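Asker: Once you've had a glance at the structure underneath, I'll fire off some questions.
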Amino acid sequence: MGRRDVWPSILCALFLAGLLAAVQVVPAAAGSRAPGLLVEFFDVGQGDATLLSGPDFTILIDAGRHDRADVVPHLEAAGVRAIDLFILTHPHADHIGQCAAVIQRFPVREVWYSGDVHTSLTFERCLDAILASDAAYHEPRAGETFQIGSARLEVVHPAEVTGDYNNGSIGVRIAYGDVVFLFTGDAESEAEAEMLTRGHPLRAHVLQLGHHGSRTSSSSPFLEAVRPEVAVYSAGRDNPYGHPHEEALRRVAGAGAVVYGTDVNGTIRVYSDGKAYEVVPERGKPVRVMPGAARSSCAPGQVDVNSAGVEELVRIIHIGPALARRIIEERPFESVDELIRVSGIGQGRLADIKEQGLACAGEM
């Protein structure tokens, strides 16, 4: 019997090993920053890796690409000494790519995985690393809730294993005080519809866009339920898939979220004291948000310079593709007048843009 035939048994063994595991884990050091939550959407190219460092918890969601070696250095730079929870949303190699390296470098208390079995060498190496570690193992299911230190986790997907890797991605809503984040891996519109049908609370202040900002995710009904103030996608610059897709960005713009992407903004950090939060991109302007505060909105048909993609921005007078990309790199903007800080937009062009009336700066 080949190795592939025994993988379901390996998963069972992992579960039993998890029940028996007892590891002394020290939460990650917070360094010199003020106590609170720091969420880091790492720039790992066309892949995903996000670290949540709280005063009493360390959670890593996904582990980047299989053909890179950047996740462990990111974690080391963040001061991580151990990981309380390592969530592997699904088995694709751009999400579990450096799973083995992470587990071999840091003590991990518990691993969550969707339960889907893949045939790749990357998947096999990840399983081998989990088996060789002292980590507990769990396959979370929709409706489960957990408290890890001061973080509350609500699992919103999947309800069962289906063999559809993207739509079987683990979806988790994480609350720290009054501030809520939602992560859905590569879940597409079918999975989003299932979350809505099951009636999970999905409202979140910060949403990581599903499937790297693909057109197959971030459906309008889902965005209406989440009502994000900030949306973050992880994608590689000039990636072959065209992520993020303009259709998805238009829907996100319609939901009123300020958009950040790792291809444009580099690593994106969100700091929170549990009441307010601040988004600090490696490239671009920070924004501080008080959840529930009144937010401006754009009129139907206008182009929101805080969330529109290149295809929409070029509808604005004087804005071509190159200038549109500069706008994306500089946002968010508190008003259309702030476009003056974009190289290539002088007072004359700004006056024409304002006279046209198509541009707006909404939903800060």
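Residue numbering restarts at 1 for every chain of the structure tokens, chains are lettered A, B, ... in their displayed order, and ligands are numbered from 1 as they appear.
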Name the residues of range 148-338 of chain A that come out as helix (DSSP H, G or I) in a backbone DSSP run; write them as an NGL selection string.

Answerer: :A and (189-198 or 210-213 or 220-226 or 246-255 or 262-265 or 310-313 or 321-330 or 336-338)

Asker: Using only C-alpha atoms, what table do you get, as a tab-separated table, when you list each residue of range 82-126 of chain A with an atom no more than 12 Å from range 160-175 of chain A, its nearest pair of atoms, and their distance in Å rounded to one decimal, rows by chain then rising number?

Answerer:
```
residue	atom	partner	partner_atom	distance
A:Phe86	CA	A:Ile170	CA	11.9
A:Ile87	CA	A:Ile170	CA	8.1
A:Leu88	CA	A:Ile170	CA	7.7
A:Thr89	CA	A:Ile170	CA	4.6
A:His90	CA	A:Ser169	CA	5.0
A:Pro91	CA	A:Tyr165	CA	6.8
A:His92	CA	A:Tyr165	CA	7.4
A:Ala93	CA	A:Tyr165	CA	11.2
A:Asp94	CA	A:Asn166	CA	11.8
A:His95	CA	A:Ser169	CA	10.4
A:Ile96	CA	A:Ser169	CA	11.9
A:Trp112	CA	A:Ile170	CA	8.6
A:Tyr113	CA	A:Ile170	CA	7.4
A:Ser114	CA	A:Ile170	CA	5.8
A:Gly115	CA	A:Val161	CA	6.3
A:Asp116	CA	A:Gly163	CA	5.8
A:Val117	CA	A:Gly163	CA	7.7
A:His118	CA	A:Tyr165	CA	8.7
A:Thr119	CA	A:Tyr165	CA	11.9
```

Asker: Based on the selection just made, write C-alpha atoms of those residues as an mmCIF file, in the first residue's frame.

Answerer:
```cif
data_model
loop_
_atom_site.group_PDB
_atom_site.id
_atom_site.type_symbol
_atom_site.label_atom_id
_atom_site.label_comp_id
_atom_site.auth_asym_id
_atom_site.auth_seq_id
_atom_site.Cartn_x
_atom_site.Cartn_y
_atom_site.Cartn_z
ATOM 1 C CA PHE A 86 -1.284 27.377 13.813
ATOM 2 C CA ILE A 87 -4.221 27.437 11.375
ATOM 3 C CA LEU A 88 -3.670 25.838 7.962
ATOM 4 C CA THR A 89 -6.772 26.902 6.034
ATOM 5 C CA HIS A 90 -6.480 24.342 3.209
ATOM 6 C CA PRO A 91 -3.820 22.194 1.483
ATOM 7 C CA HIS A 92 -2.742 24.372 -1.434
ATOM 8 C CA ALA A 93 1.008 24.970 -1.572
ATOM 9 C CA ASP A 94 0.703 28.773 -1.430
ATOM 10 C CA HIS A 95 -0.912 28.438 2.012
ATOM 11 C CA ILE A 96 0.897 25.494 3.638
ATOM 12 C CA TRP A 112 -5.890 23.319 12.944
ATOM 13 C CA TYR A 113 -6.384 21.912 9.465
ATOM 14 C CA SER A 114 -9.413 21.646 7.182
ATOM 15 C CA GLY A 115 -9.214 17.849 6.858
ATOM 16 C CA ASP A 116 -8.857 17.651 3.067
ATOM 17 C CA VAL A 117 -6.147 15.255 1.862
ATOM 18 C CA HIS A 118 -3.836 16.366 -0.959
ATOM 19 C CA THR A 119 -1.341 14.402 -3.043
#
```

Asker: For CA of Ile130 in chain A and CA of Val80 in chain A, determine how far apart the two atoms are, in Å to one decimal place.

Answerer: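 Here the two named atoms are 18.7 Å from each other.
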
Asker: Quick one: residues within 12 Å of Arg125 in chain A, only C-alpha atoms counted, chain neighbours fewer than 6 positions away excluded, as a PyMOL selection string?

Answerer: chain A and resi 7+66+91+93+96-104+118-119+131-132

Asker: Residues as selected, N, CA and C atoms, written as a PDB file, in the first residue's frame, can you do that?

Answerer:
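Result written to out.pdb:
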```pdb
ATOM      1  N   TRP A   7      -2.833   8.157   4.237  1.00  0.00           N
ATOM      2  CA  TRP A   7      -2.995   9.522   4.751  1.00  0.00           C
ATOM      3  C   TRP A   7      -4.215   9.693   5.642  1.00  0.00           C
ATOM      4  N   HIS A  66       5.440  27.349  -1.115  1.00  0.00           N
ATOM      5  CA  HIS A  66       6.393  26.244  -1.026  1.00  0.00           C
ATOM      6  C   HIS A  66       7.738  26.579  -1.653  1.00  0.00           C
ATOM      7  N   PRO A  91      -5.111  22.809   1.818  1.00  0.00           N
ATOM      8  CA  PRO A  91      -3.820  22.194   1.483  1.00  0.00           C
ATOM      9  C   PRO A  91      -3.058  22.756   0.298  1.00  0.00           C
ATOM     10  N   ALA A  93      -0.391  24.729  -1.903  1.00  0.00           N
ATOM     11  CA  ALA A  93       1.008  24.970  -1.572  1.00  0.00           C
ATOM     12  C   ALA A  93       1.349  26.439  -1.353  1.00  0.00           C
ATOM     13  N   ILE A  96       0.182  26.360   2.687  1.00  0.00           N
ATOM     14  CA  ILE A  96       0.897  25.494   3.638  1.00  0.00           C
ATOM     15  C   ILE A  96       2.358  25.315   3.245  1.00  0.00           C
ATOM     16  N   GLY A  97       2.834  26.138   2.311  1.00  0.00           N
ATOM     17  CA  GLY A  97       4.144  25.929   1.699  1.00  0.00           C
ATOM     18  C   GLY A  97       5.295  25.778   2.665  1.00  0.00           C
ATOM     19  N   GLN A  98       5.330  26.581   3.743  1.00  0.00           N
ATOM     20  CA  GLN A  98       6.436  26.543   4.693  1.00  0.00           C
ATOM     21  C   GLN A  98       6.000  26.028   6.064  1.00  0.00           C
ATOM     22  N   CYS A  99       4.927  25.249   6.053  1.00  0.00           N
ATOM     23  CA  CYS A  99       4.391  24.641   7.274  1.00  0.00           C
ATOM     24  C   CYS A  99       5.474  23.872   8.024  1.00  0.00           C
ATOM     25  N   ALA A 100       6.192  23.014   7.319  1.00  0.00           N
ATOM     26  CA  ALA A 100       7.209  22.176   7.972  1.00  0.00           C
ATOM     27  C   ALA A 100       8.303  23.037   8.600  1.00  0.00           C
ATOM     28  N   ALA A 101       8.752  24.068   7.888  1.00  0.00           N
ATOM     29  CA  ALA A 101       9.812  24.931   8.401  1.00  0.00           C
ATOM     30  C   ALA A 101       9.368  25.652   9.671  1.00  0.00           C
ATOM     31  N   VAL A 102       8.105  26.088   9.695  1.00  0.00           N
ATOM     32  CA  VAL A 102       7.574  26.789  10.874  1.00  0.00           C
ATOM     33  C   VAL A 102       7.538  25.853  12.077  1.00  0.00           C
ATOM     34  N   ILE A 103       7.026  24.643  11.871  1.00  0.00           N
ATOM     35  CA  ILE A 103       6.886  23.695  12.978  1.00  0.00           C
ATOM     36  C   ILE A 103       8.246  23.233  13.494  1.00  0.00           C
ATOM     37  N   GLN A 104       9.201  23.113  12.590  1.00  0.00           N
ATOM     38  CA  GLN A 104      10.546  22.700  13.007  1.00  0.00           C
ATOM     39  C   GLN A 104      11.291  23.815  13.736  1.00  0.00           C
ATOM     40  N   HIS A 118      -4.413  15.991   0.335  1.00  0.00           N
ATOM     41  CA  HIS A 118      -3.836  16.366  -0.959  1.00  0.00           C
ATOM     42  C   HIS A 118      -2.743  15.362  -1.316  1.00  0.00           C
ATOM     43  N   THR A 119      -2.347  15.362  -2.577  1.00  0.00           N
ATOM     44  CA  THR A 119      -1.341  14.402  -3.043  1.00  0.00           C
ATOM     45  C   THR A 119       0.043  15.026  -3.204  1.00  0.00           C
ATOM     46  N   LEU A 131       3.340  15.365  12.726  1.00  0.00           N
ATOM     47  CA  LEU A 131       3.472  14.085  13.425  1.00  0.00           C
ATOM     48  C   LEU A 131       4.736  14.040  14.296  1.00  0.00           C
ATOM     49  N   ALA A 132       5.800  14.659  13.815  1.00  0.00           N
ATOM     50  CA  ALA A 132       7.063  14.628  14.549  1.00  0.00           C
ATOM     51  C   ALA A 132       7.100  15.635  15.693  1.00  0.00           C
TER      52      ALA A 132
END
```

Asker: Got a sec: who's within 12 Å of Glu338 in chain A, counting only C-alpha atoms, leaving out chain neighbours fewer than 3 positions off, as a ChimeraX atom specification?

Answerer: /A:285,305-306,327,330-335,341-343,345-347,350-351,353-354,359-361

Asker: Could those selected residues go to a file with N, CA and C atoms, as a CSV table (one decimal), in the first residue's frame?

Answerer:
```
chain,number,residue,atom,x,y,z
A,285,LYS,N,-0.3,55.2,3.3
A,285,LYS,CA,-0.6,56.1,4.5
A,285,LYS,C,-1.4,55.2,5.5
A,305,VAL,N,-11.6,56.7,-4.5
A,305,VAL,CA,-10.2,56.6,-4.6
A,305,VAL,C,-9.6,55.8,-3.5
A,306,ASN,N,-10.3,55.4,-2.5
A,306,ASN,CA,-9.8,54.6,-1.4
A,306,ASN,C,-9.9,53.1,-1.6
A,327,ILE,N,-2.0,56.2,-7.1
A,327,ILE,CA,-3.1,56.5,-6.2
A,327,ILE,C,-3.3,55.4,-5.2
A,330,GLU,N,-0.7,55.3,-2.5
A,330,GLU,CA,-0.7,56.5,-1.6
A,330,GLU,C,-1.9,56.4,-0.6
A,331,ARG,N,-3.0,55.7,-1.0
A,331,ARG,CA,-4.2,55.7,-0.2
A,331,ARG,C,-4.0,55.1,1.2
A,332,PRO,N,-4.9,55.4,2.1
A,332,PRO,CA,-6.2,56.1,1.9
A,332,PRO,C,-6.1,57.6,1.9
A,333,PHE,N,-7.1,58.3,1.4
A,333,PHE,CA,-7.2,59.7,1.3
A,333,PHE,C,-8.5,60.1,2.2
A,334,GLU,N,-8.3,61.2,2.9
A,334,GLU,CA,-9.4,61.7,3.7
A,334,GLU,C,-10.4,62.5,2.9
A,335,SER,N,-9.9,63.0,1.7
A,335,SER,CA,-10.7,63.8,0.8
A,335,SER,C,-10.1,63.8,-0.6
A,341,ARG,N,-1.1,65.0,-3.1
A,341,ARG,CA,0.1,64.4,-2.7
A,341,ARG,C,0.6,63.3,-3.6
A,342,VAL,N,-0.2,62.9,-4.6
A,342,VAL,CA,0.2,61.9,-5.6
A,342,VAL,C,1.0,62.5,-6.7
A,343,SER,N,2.2,62.0,-6.9
A,343,SER,CA,3.1,62.5,-7.9
A,343,SER,C,2.4,62.4,-9.3
A,345,ILE,N,-0.2,64.6,-10.0
A,345,ILE,CA,-1.4,65.4,-9.9
A,345,ILE,C,-1.1,66.7,-9.2
A,346,GLY,N,-1.1,67.8,-10.1
A,346,GLY,CA,-0.9,69.1,-9.6
A,346,GLY,C,-2.2,69.8,-9.4
A,347,GLN,N,-2.1,71.1,-9.1
A,347,GLN,CA,-3.4,71.9,-8.8
A,347,GLN,C,-4.3,71.9,-9.9
A,350,LEU,N,-6.0,68.5,-10.3
A,350,LEU,CA,-6.9,68.4,-9.2
A,350,LEU,C,-8.2,69.2,-9.4
A,351,ALA,N,-8.0,70.4,-9.9
A,351,ALA,CA,-9.2,71.2,-10.1
A,351,ALA,C,-10.2,70.5,-11.2
A,353,ILE,N,-10.3,67.3,-11.8
A,353,ILE,CA,-10.9,66.1,-11.2
A,353,ILE,C,-12.1,66.5,-10.3
A,354,LYS,N,-12.0,67.5,-9.5
A,354,LYS,CA,-13.1,68.0,-8.7
A,354,LYS,C,-14.2,68.5,-9.5
A,359,ALA,N,-14.8,61.5,-8.9
A,359,ALA,CA,-14.0,61.0,-7.8
A,359,ALA,C,-14.6,61.3,-6.4
A,360,CYS,N,-14.4,60.4,-5.5
A,360,CYS,CA,-14.8,60.6,-4.1
A,360,CYS,C,-13.9,59.9,-3.2
A,361,ALA,N,-13.8,60.3,-2.0
A,361,ALA,CA,-12.9,59.6,-1.0
A,361,ALA,C,-13.9,59.2,0.1
```

Asker: Report the distance between CA of Phe106 in chain A and CA of Ile83 in chain A in Å, rounded to one decimal place.

Answerer: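 Atom-to-atom, CA of Phe106 in chain A and CA of Ile83 in chain A are spaced 6.8 Å apart.
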
Asker: Using only C-alpha atoms, find each residue of range 210-265 of chain A with at least one atom at most 12 Å away from an atom of range 311-315 of chain A; report its shortest atom-to-atom pair and that distance in Å (one decimal), sort the rows by chain and rising residue number, and return the result as a Markdown table.

Answerer:
```
| residue | atom | partner | partner_atom | distance |
| --- | --- | --- | --- | --- |
| A:Pro244 | CA | A:Glu311 | CA | 11.6 |
| A:His245 | CA | A:Glu311 | CA | 9.7 |
| A:Glu246 | CA | A:Glu311 | CA | 6.6 |
| A:Glu247 | CA | A:Glu311 | CA | 9.3 |
| A:Ala248 | CA | A:Glu311 | CA | 11.6 |
| A:Leu249 | CA | A:Glu312 | CA | 9.2 |
| A:Arg250 | CA | A:Glu312 | CA | 7.7 |
| A:Arg251 | CA | A:Glu312 | CA | 11.5 |
| A:Ala253 | CA | A:Glu312 | CA | 10.0 |
| A:Gly254 | CA | A:Glu312 | CA | 11.9 |
```

Asker: Quick one: residues within 8 Å of Ser220 in chain A, only C-alpha atoms, excluding same-chain residues fewer than 2 positions away - as a VMD selection string?

Answerer: chain A and resid 218 222 to 224 251 255

Asker: Within 8 Å of His243 in chain A, counting only C-alpha atoms, which residues show up once you throw out same-chain ones fewer than 5 positions away? Write them as a list of chain:residue names, please.

Answerer: A:His212, A:Gly213, A:Ser214, A:Ala235, A:Gly236
